[in-house]
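Structure record follows, encoded as C-alpha cells.
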Amino acid sequence: MRLPLAALFLTLLMSAAHASPAPQQVDIPLSSGVLHAQLYKPEGEGPFPTVIALHGCGGLGAHSDPVLPRYRDWAERLLKAGNAVLLPDSYGSRELGPQCRVKESHVKARRERVADIAASRAWLMKQAWVARDRISLIGWANGASALLWAVRPQSAARDHGPDFRAAIAFYPDCRISAGLGWSARVPTLVLIGADDDVSSPPACRQMVDGARGRSALARIVVYPGAYHDFDRANTPLHAASASSDATAPERGHLGTDAEARAESQKDVAEWLAR
C-alpha cells in the first residue's frame, strides 16, 4: 500500500501547486454604500503594477464563483506577468444580477461605473503594495465603455497623485463616444473584431481617428474575422438571440477567435509594458 499512497500524496501535492490562485475580497467605500471587489495579488511586499479590470454586462461572478472563468483567465495571466489585479463588482455590490437584457439599467457606464473606477483607484492609492504610478485599466464590453468615459479629460481625479498609466478597452460600444468627440488623457488601446455585430467597429475607428491631435495616444486594433467576445476561451461562435443566457447581449454573435485571442494577449502585454 505504501507505493499507491505515496503516489496519491504526490499527485495531490502537484495538484495543489498548480491550483489557480484564489482572489481575496476587499471592500471599497463609495459615497453611497460599499463596492465589493476581488483582488489577485502577487506574493511579496511590492510595489506592484496594478490593473483595475472591469467586467461586462453579464457581471463579475456567479453564485458559486466570485470571478467568472473569462475574467479569471485574464486575471491569472496578468498576475503571472507580475501585476496585481483588482476586479470591482459593480452589479453584485448593488445586489443586481446581469444587466445585458435589462431595458433600463440602474448602473450606467458613464455614471455609477465611472464612480466605481474612481473609488477603486482611490483605494489602491492608499495601499503600500501598489506602484502608484503604474495603475492601469482594462475592460470588456460595458466595462470597456465605462473605461472610455473614465479616461476622458473631464473625468480626471482632483487629487495630485499619478493618473492611470494606460487603458485597454475590449469591444466597447463607441457610438456615443464617437458622436461626442471623445478624447483620452492617458494612452488608450481599443481592441475589437472586424465582424463584431454587438458593438460597432466603424464607430470605434471613427472615435479613435477623431481623437488624433487632441488626445493622449489612442490606438485601435481590428482583428479580421473576429466577433464579440473573441478573447473568451472555449466559446463556439453562436447567435446571442438564440440563447436564453441573461449574461449574453440580446443581439449579434459571440465566440472565440483563436488567432485574435492570441494576438490580443500579446497586444495587452505590450501596451501595459509601455
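In the C-alpha cells, chains take letters A, B, ... by order of appearance, with residues numbered from 1 within each chain and ligands from 1 in the order shown.
Every protein or nucleic acid residue with an atom no more than 8 Å from range 141-144 of chain A, counting only C-alpha atoms and leaving out same-chain residues fewer than 2 positions away, appears here: Leu54, His55, Gly56, Cys57, Ala109, Arg113, Ile138, Gly139, Ala146, Leu147, Leu148, Ile168, Ala169, Phe170, Tyr171, Pro172, Asp173 and Ser199 of chain A.
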For the residues selected in the previous step, produce a file with N, CA and C atoms as a CSV table (one decimal), in the first residue's frame.
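In the end it all went to out.csv:
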```
chain,number,residue,atom,x,y,z
A,54,LEU,N,-12.5,45.6,-15.5
A,54,LEU,CA,-13.9,45.9,-15.4
A,54,LEU,C,-14.8,45.0,-16.2
A,55,HIS,N,-15.7,44.3,-15.5
A,55,HIS,CA,-16.5,43.2,-16.2
A,55,HIS,C,-17.5,43.8,-17.1
A,56,GLY,N,-18.1,42.9,-18.0
A,56,GLY,CA,-19.1,43.3,-18.9
A,56,GLY,C,-20.5,43.3,-18.3
A,57,CYS,N,-21.5,43.4,-19.2
A,57,CYS,CA,-22.9,43.5,-18.7
A,57,CYS,C,-23.4,42.2,-18.0
A,109,ALA,N,-22.8,53.0,-17.4
A,109,ALA,CA,-21.4,53.0,-17.7
A,109,ALA,C,-20.8,54.4,-17.4
A,113,ARG,N,-20.5,53.3,-12.9
A,113,ARG,CA,-19.3,52.6,-13.2
A,113,ARG,C,-18.1,53.4,-13.2
A,138,ILE,N,-8.4,48.0,-17.6
A,138,ILE,CA,-8.8,47.1,-18.7
A,138,ILE,C,-10.2,46.8,-18.5
A,139,GLY,N,-11.0,46.7,-19.6
A,139,GLY,CA,-12.4,46.5,-19.5
A,139,GLY,C,-13.0,45.8,-20.7
A,146,ALA,N,-17.4,52.0,-19.9
A,146,ALA,CA,-17.1,52.8,-18.7
A,146,ALA,C,-15.7,53.3,-18.7
A,147,LEU,N,-14.8,52.5,-19.2
A,147,LEU,CA,-13.4,52.9,-19.2
A,147,LEU,C,-13.2,54.1,-20.2
A,148,LEU,N,-13.9,54.1,-21.3
A,148,LEU,CA,-13.8,55.2,-22.2
A,148,LEU,C,-14.3,56.5,-21.6
A,168,ILE,N,-7.0,49.8,-21.6
A,168,ILE,CA,-7.3,48.9,-22.7
A,168,ILE,C,-8.8,48.5,-22.7
A,169,ALA,N,-9.4,48.8,-23.9
A,169,ALA,CA,-10.9,48.6,-24.0
A,169,ALA,C,-11.2,47.5,-25.0
A,170,PHE,N,-11.7,46.3,-24.5
A,170,PHE,CA,-12.2,45.3,-25.4
A,170,PHE,C,-13.6,45.5,-25.9
A,171,TYR,N,-13.8,45.6,-27.2
A,171,TYR,CA,-15.1,45.8,-27.9
A,171,TYR,C,-16.1,46.6,-27.1
A,172,PRO,N,-15.7,47.9,-26.8
A,172,PRO,CA,-16.7,48.8,-26.2
A,172,PRO,C,-17.8,49.2,-27.2
A,173,ASP,N,-18.9,49.8,-26.7
A,173,ASP,CA,-19.8,50.5,-27.6
A,173,ASP,C,-19.3,51.9,-27.8
A,199,SER,N,-21.1,45.3,-30.8
A,199,SER,CA,-20.5,46.7,-30.7
A,199,SER,C,-20.4,47.2,-32.2
```
Once you count only C-alpha atoms, what closest atom pair and distance in Å to one decimal does each residue of range 140-199 of chain A within 8 Å of range 239-252 of chain A have, with rows by chain and rising residue number, as a Markdown table?
```
| residue | atom | partner | partner_atom | distance |
| --- | --- | --- | --- | --- |
| A:Asp196 | CA | A:Gly252 | CA | 7.6 |
| A:Asp197 | CA | A:Gly252 | CA | 5.0 |
| A:Val198 | CA | A:Gly252 | CA | 4.9 |
```
Selection from above, all heavy atoms, as a CSV table (one decimal), in the first residue's frame, can you write it?
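Once written, result38.csv looks like this:
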```csv
chain,number,residue,atom,x,y,z
A,196,ASP,N,-17.6,42.2,-35.4
A,196,ASP,CA,-18.4,42.4,-34.2
A,196,ASP,C,-19.7,43.1,-34.5
A,196,ASP,O,-19.7,44.3,-35.0
A,196,ASP,CB,-17.6,43.3,-33.2
A,196,ASP,CG,-18.2,43.3,-31.8
A,196,ASP,OD1,-19.5,43.4,-31.7
A,196,ASP,OD2,-17.4,43.3,-30.8
A,197,ASP,N,-20.8,42.4,-34.4
A,197,ASP,CA,-22.2,43.0,-34.6
A,197,ASP,C,-22.9,43.2,-33.4
A,197,ASP,O,-24.2,43.4,-33.4
A,197,ASP,CB,-23.0,42.1,-35.6
A,197,ASP,CG,-23.0,40.6,-35.2
A,197,ASP,OD1,-22.5,40.3,-34.1
A,197,ASP,OD2,-23.6,39.8,-35.9
A,198,VAL,N,-22.2,43.2,-32.2
A,198,VAL,CA,-22.8,43.7,-31.0
A,198,VAL,C,-22.4,45.1,-30.7
A,198,VAL,O,-23.2,46.0,-30.5
A,198,VAL,CB,-22.4,42.8,-29.8
A,198,VAL,CG1,-22.9,43.3,-28.5
A,198,VAL,CG2,-22.8,41.4,-30.0
```
Surrounding residues of His238 in chain A excluding itself and chain neighbours under 5 positions, 10 Å, only C-alpha atoms, as number ranges by chain = A: 227, 243, 252-256
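Near Arg232 in chain A, within 10 Å and counting only C-alpha atoms, sit Pro69, Arg70, Tyr71, Asp73, Trp74, His228, Asp229, Thr235, Pro236, Leu254, Gly255, Thr256, Asp257, Ala258 and Arg261 of chain A, not including residues fewer than 3 positions from it in the same chain.
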How would the residues just chosen look if you wrote them out with N, CA, C and O atoms as a short mmCIF file (atom, residue, chain, number, x, y, z; two decimals), in the first residue's frame?
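What ended up in result-v1.cif:
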```
data_model
loop_
_atom_site.label_atom_id
_atom_site.label_comp_id
_atom_site.auth_asym_id
_atom_site.auth_seq_id
_atom_site.Cartn_x
_atom_site.Cartn_y
_atom_site.Cartn_z
N PRO A 69 -14.94 32.46 -15.26
CA PRO A 69 -13.72 31.97 -15.91
C PRO A 69 -13.10 32.95 -16.90
O PRO A 69 -11.88 33.05 -17.00
N ARG A 70 -13.93 33.69 -17.63
CA ARG A 70 -13.39 34.59 -18.65
C ARG A 70 -12.53 35.69 -18.03
O ARG A 70 -11.52 36.11 -18.59
N TYR A 71 -12.93 36.18 -16.84
CA TYR A 71 -12.15 37.21 -16.17
C TYR A 71 -11.02 36.60 -15.33
O TYR A 71 -9.95 37.19 -15.21
N ASP A 73 -9.33 34.00 -16.16
CA ASP A 73 -8.29 33.68 -17.13
C ASP A 73 -7.38 34.89 -17.35
O ASP A 73 -6.15 34.78 -17.30
N TRP A 74 -7.97 36.05 -17.55
CA TRP A 74 -7.18 37.26 -17.75
C TRP A 74 -6.46 37.67 -16.47
O TRP A 74 -5.30 38.10 -16.50
N HIS A 228 -17.65 39.49 -31.39
CA HIS A 228 -17.70 39.90 -29.99
C HIS A 228 -17.25 38.74 -29.10
O HIS A 228 -17.51 37.58 -29.41
N ASP A 229 -16.57 39.04 -28.01
CA ASP A 229 -16.08 38.02 -27.07
C ASP A 229 -15.00 37.14 -27.68
O ASP A 229 -14.79 36.00 -27.24
N THR A 235 -15.50 29.18 -26.48
CA THR A 235 -16.86 29.64 -26.74
C THR A 235 -17.14 29.55 -28.23
O THR A 235 -16.72 30.42 -29.00
N PRO A 236 -17.83 28.49 -28.68
CA PRO A 236 -18.15 28.37 -30.11
C PRO A 236 -18.98 29.56 -30.58
O PRO A 236 -19.80 30.09 -29.84
N LEU A 254 -21.46 35.88 -30.81
CA LEU A 254 -20.40 35.80 -29.82
C LEU A 254 -19.56 34.56 -30.10
O LEU A 254 -20.10 33.53 -30.51
N GLY A 255 -18.28 34.63 -29.82
CA GLY A 255 -17.49 33.41 -29.94
C GLY A 255 -16.00 33.65 -29.98
O GLY A 255 -15.52 34.73 -30.36
N THR A 256 -15.27 32.62 -29.58
CA THR A 256 -13.81 32.66 -29.55
C THR A 256 -13.25 32.74 -30.96
O THR A 256 -13.75 32.08 -31.88
N ASP A 257 -12.22 33.53 -31.12
CA ASP A 257 -11.40 33.51 -32.33
C ASP A 257 -9.97 33.27 -31.86
O ASP A 257 -9.36 34.15 -31.24
N ALA A 258 -9.46 32.07 -32.11
CA ALA A 258 -8.17 31.68 -31.53
C ALA A 258 -7.04 32.62 -31.92
O ALA A 258 -6.20 32.99 -31.08
N ARG A 261 -7.59 36.02 -30.23
CA ARG A 261 -7.35 35.85 -28.79
C ARG A 261 -5.85 35.88 -28.49
O ARG A 261 -5.40 36.58 -27.58
#
```
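Coordinates place CA of Arg77 in chain A at a distance of 21.1 Å from CA of Gly193 in chain A.
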Write out as a PyMOL selection string all residues of range 16-257 of chain A that backbone DSSP assigns to strand (DSSP E or B).
-> chain A and resi 24-30+33-40+48-54+62+65+84-88+130-140+167-170+188-193+218-223+228+238-239+253-254
Could you tell me which of A:Thr50, A:Gln38, A:Gln127, A:Ser177 comes closest to Gly92 in chain A if we count only C-alpha atoms?
-> A:Gln38
Could you pull out the alpha helix (DSSP H) residues of range 22-270 of chain A from DSSP and send them as an MDAnalysis selection string?
-> chainID A and resid 69:80 112:124 142:150 175:179 201:211 258:270
Please report, as a Markdown table, each residue of range 144-259 of chain A lying at most 8 Å from range 264-272 of chain A, together with the nearest pair of atoms and the separation in Å rounded to one decimal; use only C-alpha atoms, and order rows by chain and ascending residue number.
```
| residue | atom | partner | partner_atom | distance |
| --- | --- | --- | --- | --- |
| A:Ala166 | CA | A:Leu272 | CA | 6.6 |
| A:Ile168 | CA | A:Val268 | CA | 7.3 |
| A:Leu189 | CA | A:Trp271 | CA | 7.6 |
| A:Leu191 | CA | A:Ser264 | CA | 7.4 |
| A:Asp231 | CA | A:Ser264 | CA | 7.3 |
```
Spatial neighbours of range 205-220 of chain A, 9 Å, only C-alpha atoms, chain gap at least 6 places, as a PyMOL selection string = chain A and resi 153+174-175+177-192
Between A:Pro49, A:Trp149, A:Asp89, A:Ser120, smallest distance to Ile135 in chain A by only C-alpha atoms belongs to A:Pro49
Could you work out how far CA of Ala273 in chain A lies from CA of Val221 in chain A, giving the answer in Å with one decimal?
-> 17.1 Å
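With distances restricted to only C-alpha atoms, A:Pro66 is the closest residue to Gln24 in chain A from A:Ser93, A:Gly58, A:Pro66, A:Val130.
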From A:Pro201, A:Pro88, A:Ala167, A:Ala226, residue lying nearest Trp123 in chain A [only C-alpha atoms] = A:Pro88
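Taking CA of Lys41 in chain A as the reference point, CA of Tyr91 in chain A is found at 22.5 Å.
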